[in-house]
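data11.csv follows (CSV, C-alpha atoms):
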```
chain,number,residue,atom,x,y,z
A,1,MET,CA,-16.8,-33.2,10.0
A,2,GLU,CA,-15.2,-29.9,11.0
A,3,GLU,CA,-16.8,-26.9,9.2
A,4,GLN,CA,-14.3,-25.5,6.7
A,5,LYS,CA,-12.8,-22.1,7.4
A,6,PHE,CA,-13.5,-20.8,3.9
A,7,GLN,CA,-16.7,-22.7,3.3
A,8,LYS,CA,-18.7,-19.5,2.7
A,9,TYR,CA,-16.4,-18.7,-0.3
A,10,LEU,CA,-17.0,-22.1,-1.8
A,11,SER,CA,-20.8,-21.9,-1.4
A,12,GLU,CA,-21.2,-18.3,-2.4
A,13,ALA,CA,-19.2,-18.6,-5.6
A,14,ALA,CA,-21.0,-21.8,-6.5
A,15,GLU,CA,-24.4,-20.1,-5.9
A,16,TYR,CA,-23.4,-17.1,-8.1
A,17,HIS,CA,-22.4,-19.4,-10.8
A,18,LYS,CA,-25.5,-21.5,-10.5
A,19,ASN,CA,-27.6,-18.3,-10.8
A,20,GLY,CA,-26.1,-17.4,-14.2
A,21,TYR,CA,-23.0,-15.4,-13.4
A,22,SER,CA,-19.8,-16.5,-15.3
A,23,CYS,CA,-16.8,-17.9,-13.5
A,24,ALA,CA,-15.0,-14.5,-13.4
A,25,GLU,CA,-18.2,-12.7,-12.3
A,26,SER,CA,-18.9,-15.3,-9.6
A,27,VAL,CA,-15.5,-14.9,-8.0
A,28,LEU,CA,-15.6,-11.1,-8.0
A,29,HIS,CA,-19.2,-11.1,-6.7
A,30,THR,CA,-18.1,-13.5,-3.9
A,31,PHE,CA,-15.6,-10.9,-2.6
A,32,ARG,CA,-17.8,-7.8,-3.2
A,33,ASP,CA,-19.0,-7.5,0.4
A,34,LYS,CA,-15.8,-8.8,2.0
A,35,LEU,CA,-13.5,-6.1,0.7
A,36,PRO,CA,-12.6,-3.0,2.9
A,37,PHE,CA,-14.2,-0.7,0.3
A,38,THR,CA,-17.3,-0.6,-1.9
A,39,LEU,CA,-17.4,-1.9,-5.4
A,40,SER,CA,-20.0,-0.1,-7.6
A,41,ASN,CA,-22.2,-1.9,-10.1
A,42,GLU,CA,-20.1,-0.3,-12.8
A,43,THR,CA,-16.9,-1.8,-11.3
A,44,MET,CA,-18.5,-5.3,-11.2
A,45,ARG,CA,-19.0,-5.2,-14.9
A,46,ILE,CA,-15.3,-5.5,-15.5
A,47,ALA,CA,-15.5,-9.2,-15.0
A,48,THR,CA,-18.1,-9.9,-17.6
A,49,CYS,CA,-15.8,-10.2,-20.6
A,50,PHE,CA,-13.4,-12.6,-18.7
A,51,GLY,CA,-15.7,-15.6,-18.2
A,52,GLY,CA,-17.7,-18.2,-20.1
A,53,GLN,CA,-15.0,-18.4,-22.8
A,54,ALA,CA,-15.8,-14.8,-23.6
A,55,VAL,CA,-12.1,-14.2,-24.6
A,56,GLY,CA,-12.0,-17.5,-26.6
A,57,GLU,CA,-10.5,-20.9,-26.1
A,58,SER,CA,-7.0,-19.6,-25.8
A,59,GLY,CA,-7.7,-17.3,-22.8
A,60,PHE,CA,-7.1,-17.6,-19.1
A,61,CYS,CA,-9.7,-19.5,-17.0
A,62,GLY,CA,-12.3,-17.0,-15.9
A,63,ALA,CA,-12.2,-18.2,-12.3
A,64,PHE,CA,-8.5,-17.5,-12.2
A,65,THR,CA,-9.0,-14.1,-13.8
A,66,GLY,CA,-11.7,-13.2,-11.3
A,67,ALA,CA,-9.4,-14.2,-8.4
A,68,ILE,CA,-6.6,-12.1,-9.9
A,69,MET,CA,-9.0,-9.1,-10.2
A,70,VAL,CA,-9.8,-9.4,-6.5
A,71,LEU,CA,-6.1,-9.5,-5.7
A,72,SER,CA,-5.4,-6.5,-7.9
A,73,LEU,CA,-8.1,-4.5,-6.2
A,74,LEU,CA,-6.2,-5.0,-2.9
A,75,VAL,CA,-2.6,-4.7,-4.0
A,76,GLY,CA,-2.8,-3.0,-7.4
A,77,ARG,CA,-1.6,0.5,-8.1
A,78,SER,CA,-3.5,3.6,-9.2
A,79,SER,CA,-0.6,5.6,-10.6
A,80,ALA,CA,2.5,4.8,-12.6
A,81,GLN,CA,4.6,6.2,-9.7
A,82,GLU,CA,3.5,3.4,-7.4
A,83,SER,CA,5.4,0.1,-7.2
A,84,LYS,CA,3.8,-2.9,-8.9
A,85,GLU,CA,6.3,-5.3,-7.3
A,86,THR,CA,4.0,-6.7,-4.6
A,87,ALA,CA,1.1,-7.1,-7.0
A,88,GLN,CA,3.2,-9.0,-9.5
A,89,THR,CA,4.8,-11.1,-6.8
A,90,TYR,CA,1.5,-12.1,-5.3
A,91,SER,CA,-0.1,-12.6,-8.7
A,92,ARG,CA,2.7,-15.0,-9.7
A,93,GLU,CA,2.5,-16.8,-6.4
A,94,PHE,CA,-1.3,-17.3,-6.6
A,95,GLY,CA,-0.9,-18.3,-10.3
A,96,THR,CA,1.5,-21.1,-9.3
A,97,ARG,CA,-0.9,-22.3,-6.6
A,98,PHE,CA,-3.7,-22.4,-9.1
A,99,VAL,CA,-1.7,-24.3,-11.7
A,100,ASN,CA,-0.6,-26.7,-9.0
A,101,GLN,CA,-4.2,-27.3,-8.0
A,102,PHE,CA,-5.7,-27.6,-11.5
A,103,GLY,CA,-2.9,-28.3,-13.9
A,104,SER,CA,-3.4,-25.1,-15.9
A,105,ASN,CA,-4.7,-21.5,-15.6
A,106,ALA,CA,-6.1,-21.6,-19.1
A,107,CYS,CA,-9.7,-22.3,-19.8
A,108,LYS,CA,-9.5,-24.9,-22.6
A,109,PRO,CA,-7.3,-27.5,-20.8
A,110,LEU,CA,-9.6,-27.3,-17.7
A,111,GLN,CA,-12.8,-27.8,-19.8
A,112,ILE,CA,-12.8,-31.6,-20.2
A,113,HIS,CA,-16.5,-31.7,-21.2
A,114,VAL,CA,-18.5,-30.2,-24.1
A,115,TYR,CA,-19.0,-26.5,-23.5
A,116,GLY,CA,-22.5,-25.8,-22.2
A,117,SER,CA,-23.2,-29.4,-21.1
A,118,PRO,CA,-24.3,-30.1,-17.6
A,119,GLU,CA,-21.0,-31.8,-16.9
A,120,GLN,CA,-19.0,-28.7,-18.1
A,121,LYS,CA,-21.1,-26.4,-16.0
A,122,ALA,CA,-20.6,-28.6,-12.9
A,123,ASN,CA,-16.8,-28.7,-13.6
A,124,CYS,CA,-16.6,-25.0,-14.1
A,125,ARG,CA,-18.6,-24.4,-10.9
A,126,ARG,CA,-16.2,-26.6,-9.0
A,127,ILE,CA,-13.2,-24.7,-10.3
A,128,THR,CA,-14.9,-21.4,-9.7
A,129,SER,CA,-15.8,-22.1,-6.1
A,130,THR,CA,-12.4,-23.6,-5.4
A,131,ALA,CA,-10.6,-20.6,-6.9
A,132,ALA,CA,-12.6,-18.3,-4.7
A,133,CYS,CA,-11.7,-20.4,-1.7
A,134,MET,CA,-8.1,-20.5,-2.6
A,135,MET,CA,-8.0,-16.7,-3.0
A,136,ALA,CA,-9.7,-16.2,0.4
A,137,GLU,CA,-7.0,-18.4,1.9
A,138,PHE,CA,-4.2,-16.5,0.0
A,139,LEU,CA,-5.6,-13.1,1.1
A,140,ALA,CA,-5.8,-14.3,4.7
A,141,GLU,CA,-2.3,-15.6,4.6
A,142,LYS,CA,-1.0,-12.3,3.3
A,143,ASN,CA,-3.0,-10.4,5.9
A,144,LEU,CA,-5.0,-8.6,3.2
A,145,LEU,CA,-8.4,-9.9,4.5
A,146,PRO,CA,-9.2,-11.5,7.8
A,147,ALA,CA,-9.6,-15.3,7.9
A,148,PRO,CA,-12.9,-16.7,9.2
A,149,ALA,CA,-12.7,-17.9,12.8
A,150,VAL,CA,-13.6,-21.6,12.2
A,151,GLY,CA,-10.7,-24.1,11.3
A,152,GLY,CA,-10.1,-26.0,8.1
A,153,GLN,CA,-8.9,-25.3,4.6
A,154,CYS,CA,-10.1,-25.3,1.0
A,155,PRO,CA,-10.6,-28.7,-0.7
A,156,GLU,CA,-8.1,-30.2,-3.0
A,157,GLY,CA,-9.0,-29.7,-6.6
A,158,LYS,CA,-9.6,-32.7,-8.9
A,159,ARG,CA,-8.0,-32.6,-12.3
```
Structure translated into structure tokens:
Amino acid sequence: MEEQKFQKYLSEAAEYHKNGYSCAESVLHTFRDKLPFTLSNETMRIATCFGGQAVGESGFCGAFTGAIMVLSLLVGRSSAQESKETAQTYSREFGTRFVNQFGSNACKPLQIHVYGSPEQKANCRRITSTAACMMAEFLAEKNLLPAPAVGGQCPEGKR
């Protein structure tokens, strides 16, 4: 079987999640050493309150939020005078892809198992790793990060 182009994103995000990071933290950590700038430990803390149902059952999926954080780091603005059009366009486009893949970008509908159960953790890990892979593909497509040299694509999500 051909090695997947974005396999490292899948495996790294899953490993971060397995080691105790939340979904949002796992996605952000996966990209930390792949961005064209350094993210401080203080910056990494921004993801903590967006994963593990930290914002409650009505909140966005942490894996989705972590992916959008990565995107925002690359195309976001740092002053009100800068345009936010590209960031918003890309965010909506990725959001549509995420919903098409998983059926929702909200945590509660994606969690089909009891929170904290081994099945829920495995489901969240799968969503988290796939979200990181999808964002890597998206960033490569938009020429925001280079694509790995080996062929293949991210796996299809299972709803």
Just give me the residues with any atom within 12 Å of (-13.4, -22.7, -5.5), file coordinates, counting all atoms listed in the file, written as a short mmCIF file (atom, residue, chain, number, x, y, z; two decimals) with C-alpha atoms, in the frame of the given file.
```cif
data_model
loop_
_atom_site.label_atom_id
_atom_site.label_comp_id
_atom_site.auth_asym_id
_atom_site.auth_seq_id
_atom_site.Cartn_x
_atom_site.Cartn_y
_atom_site.Cartn_z
CA PHE A 6 -13.50 -20.80 3.90
CA GLN A 7 -16.70 -22.70 3.30
CA LYS A 8 -18.70 -19.50 2.70
CA TYR A 9 -16.40 -18.70 -0.30
CA LEU A 10 -17.00 -22.10 -1.80
CA SER A 11 -20.80 -21.90 -1.40
CA GLU A 12 -21.20 -18.30 -2.40
CA ALA A 13 -19.20 -18.60 -5.60
CA ALA A 14 -21.00 -21.80 -6.50
CA GLU A 15 -24.40 -20.10 -5.90
CA TYR A 16 -23.40 -17.10 -8.10
CA HIS A 17 -22.40 -19.40 -10.80
CA CYS A 23 -16.80 -17.90 -13.50
CA ALA A 24 -15.00 -14.50 -13.40
CA SER A 26 -18.90 -15.30 -9.60
CA VAL A 27 -15.50 -14.90 -8.00
CA THR A 30 -18.10 -13.50 -3.90
CA GLY A 62 -12.30 -17.00 -15.90
CA ALA A 63 -12.20 -18.20 -12.30
CA PHE A 64 -8.50 -17.50 -12.20
CA GLY A 66 -11.70 -13.20 -11.30
CA ALA A 67 -9.40 -14.20 -8.40
CA PHE A 98 -3.70 -22.40 -9.10
CA GLN A 101 -4.20 -27.30 -8.00
CA PHE A 102 -5.70 -27.60 -11.50
CA ALA A 122 -20.60 -28.60 -12.90
CA ASN A 123 -16.80 -28.70 -13.60
CA CYS A 124 -16.60 -25.00 -14.10
CA ARG A 125 -18.60 -24.40 -10.90
CA ARG A 126 -16.20 -26.60 -9.00
CA ILE A 127 -13.20 -24.70 -10.30
CA THR A 128 -14.90 -21.40 -9.70
CA SER A 129 -15.80 -22.10 -6.10
CA THR A 130 -12.40 -23.60 -5.40
CA ALA A 131 -10.60 -20.60 -6.90
CA ALA A 132 -12.60 -18.30 -4.70
CA CYS A 133 -11.70 -20.40 -1.70
CA MET A 134 -8.10 -20.50 -2.60
CA MET A 135 -8.00 -16.70 -3.00
CA ALA A 136 -9.70 -16.20 0.40
CA GLU A 137 -7.00 -18.40 1.90
CA GLN A 153 -8.90 -25.30 4.60
CA CYS A 154 -10.10 -25.30 1.00
CA PRO A 155 -10.60 -28.70 -0.70
CA GLU A 156 -8.10 -30.20 -3.00
CA GLY A 157 -9.00 -29.70 -6.60
CA LYS A 158 -9.60 -32.70 -8.90
#
```
**atom CA of Phe50 of chain A to atom CA of Cys107 of chain A, distance in Å rounded to a single decimal** =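 That distance, rounded to one decimal, is 10.4 Å.
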**Within 10 Å of Arg45 of chain A using all atoms listed in the file, minus same-chain residues under 4 positions, as JSON, numbers by chain** = {"A": [25, 28, 40, 41, 49]}
**Request:** To one decimal in Å, tell me the separation between atom CA of Asn105 of chain A and atom CA of Cys61 of chain A.
**Result:**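 Value for the atom CA of Asn105 of chain A-atom CA of Cys61 of chain A distance: 5.6 Å.
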**Request:** Find the distance between atom CA of Phe138 of chain A and atom CA of Lys108 of chain A and write it in Å to one decimal.
**Result:** 24.7 Å
**Item:** Using all atoms listed in the file: which of A:Arg97, A:Ser78, A:Lys34, A:Lys84 has the shortest distance to Pro148 of chain A
**Value:**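 Looking at the shortest contact to Pro148 of chain A, the residue is A:Lys34.
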**Message:** So, with all atoms listed in the file as the atoms that count, which of A:Leu139, A:Thr43, A:Lys121, A:Pro109 lies closest to Ser22 of chain A?
**Reply:** A:Lys121
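Take the candidates A:Val75, A:Tyr21, A:Ala80, A:Leu110 and check each one against Asn143 of chain A using only C-alpha atoms; the shortest distance goes to A:Val75.
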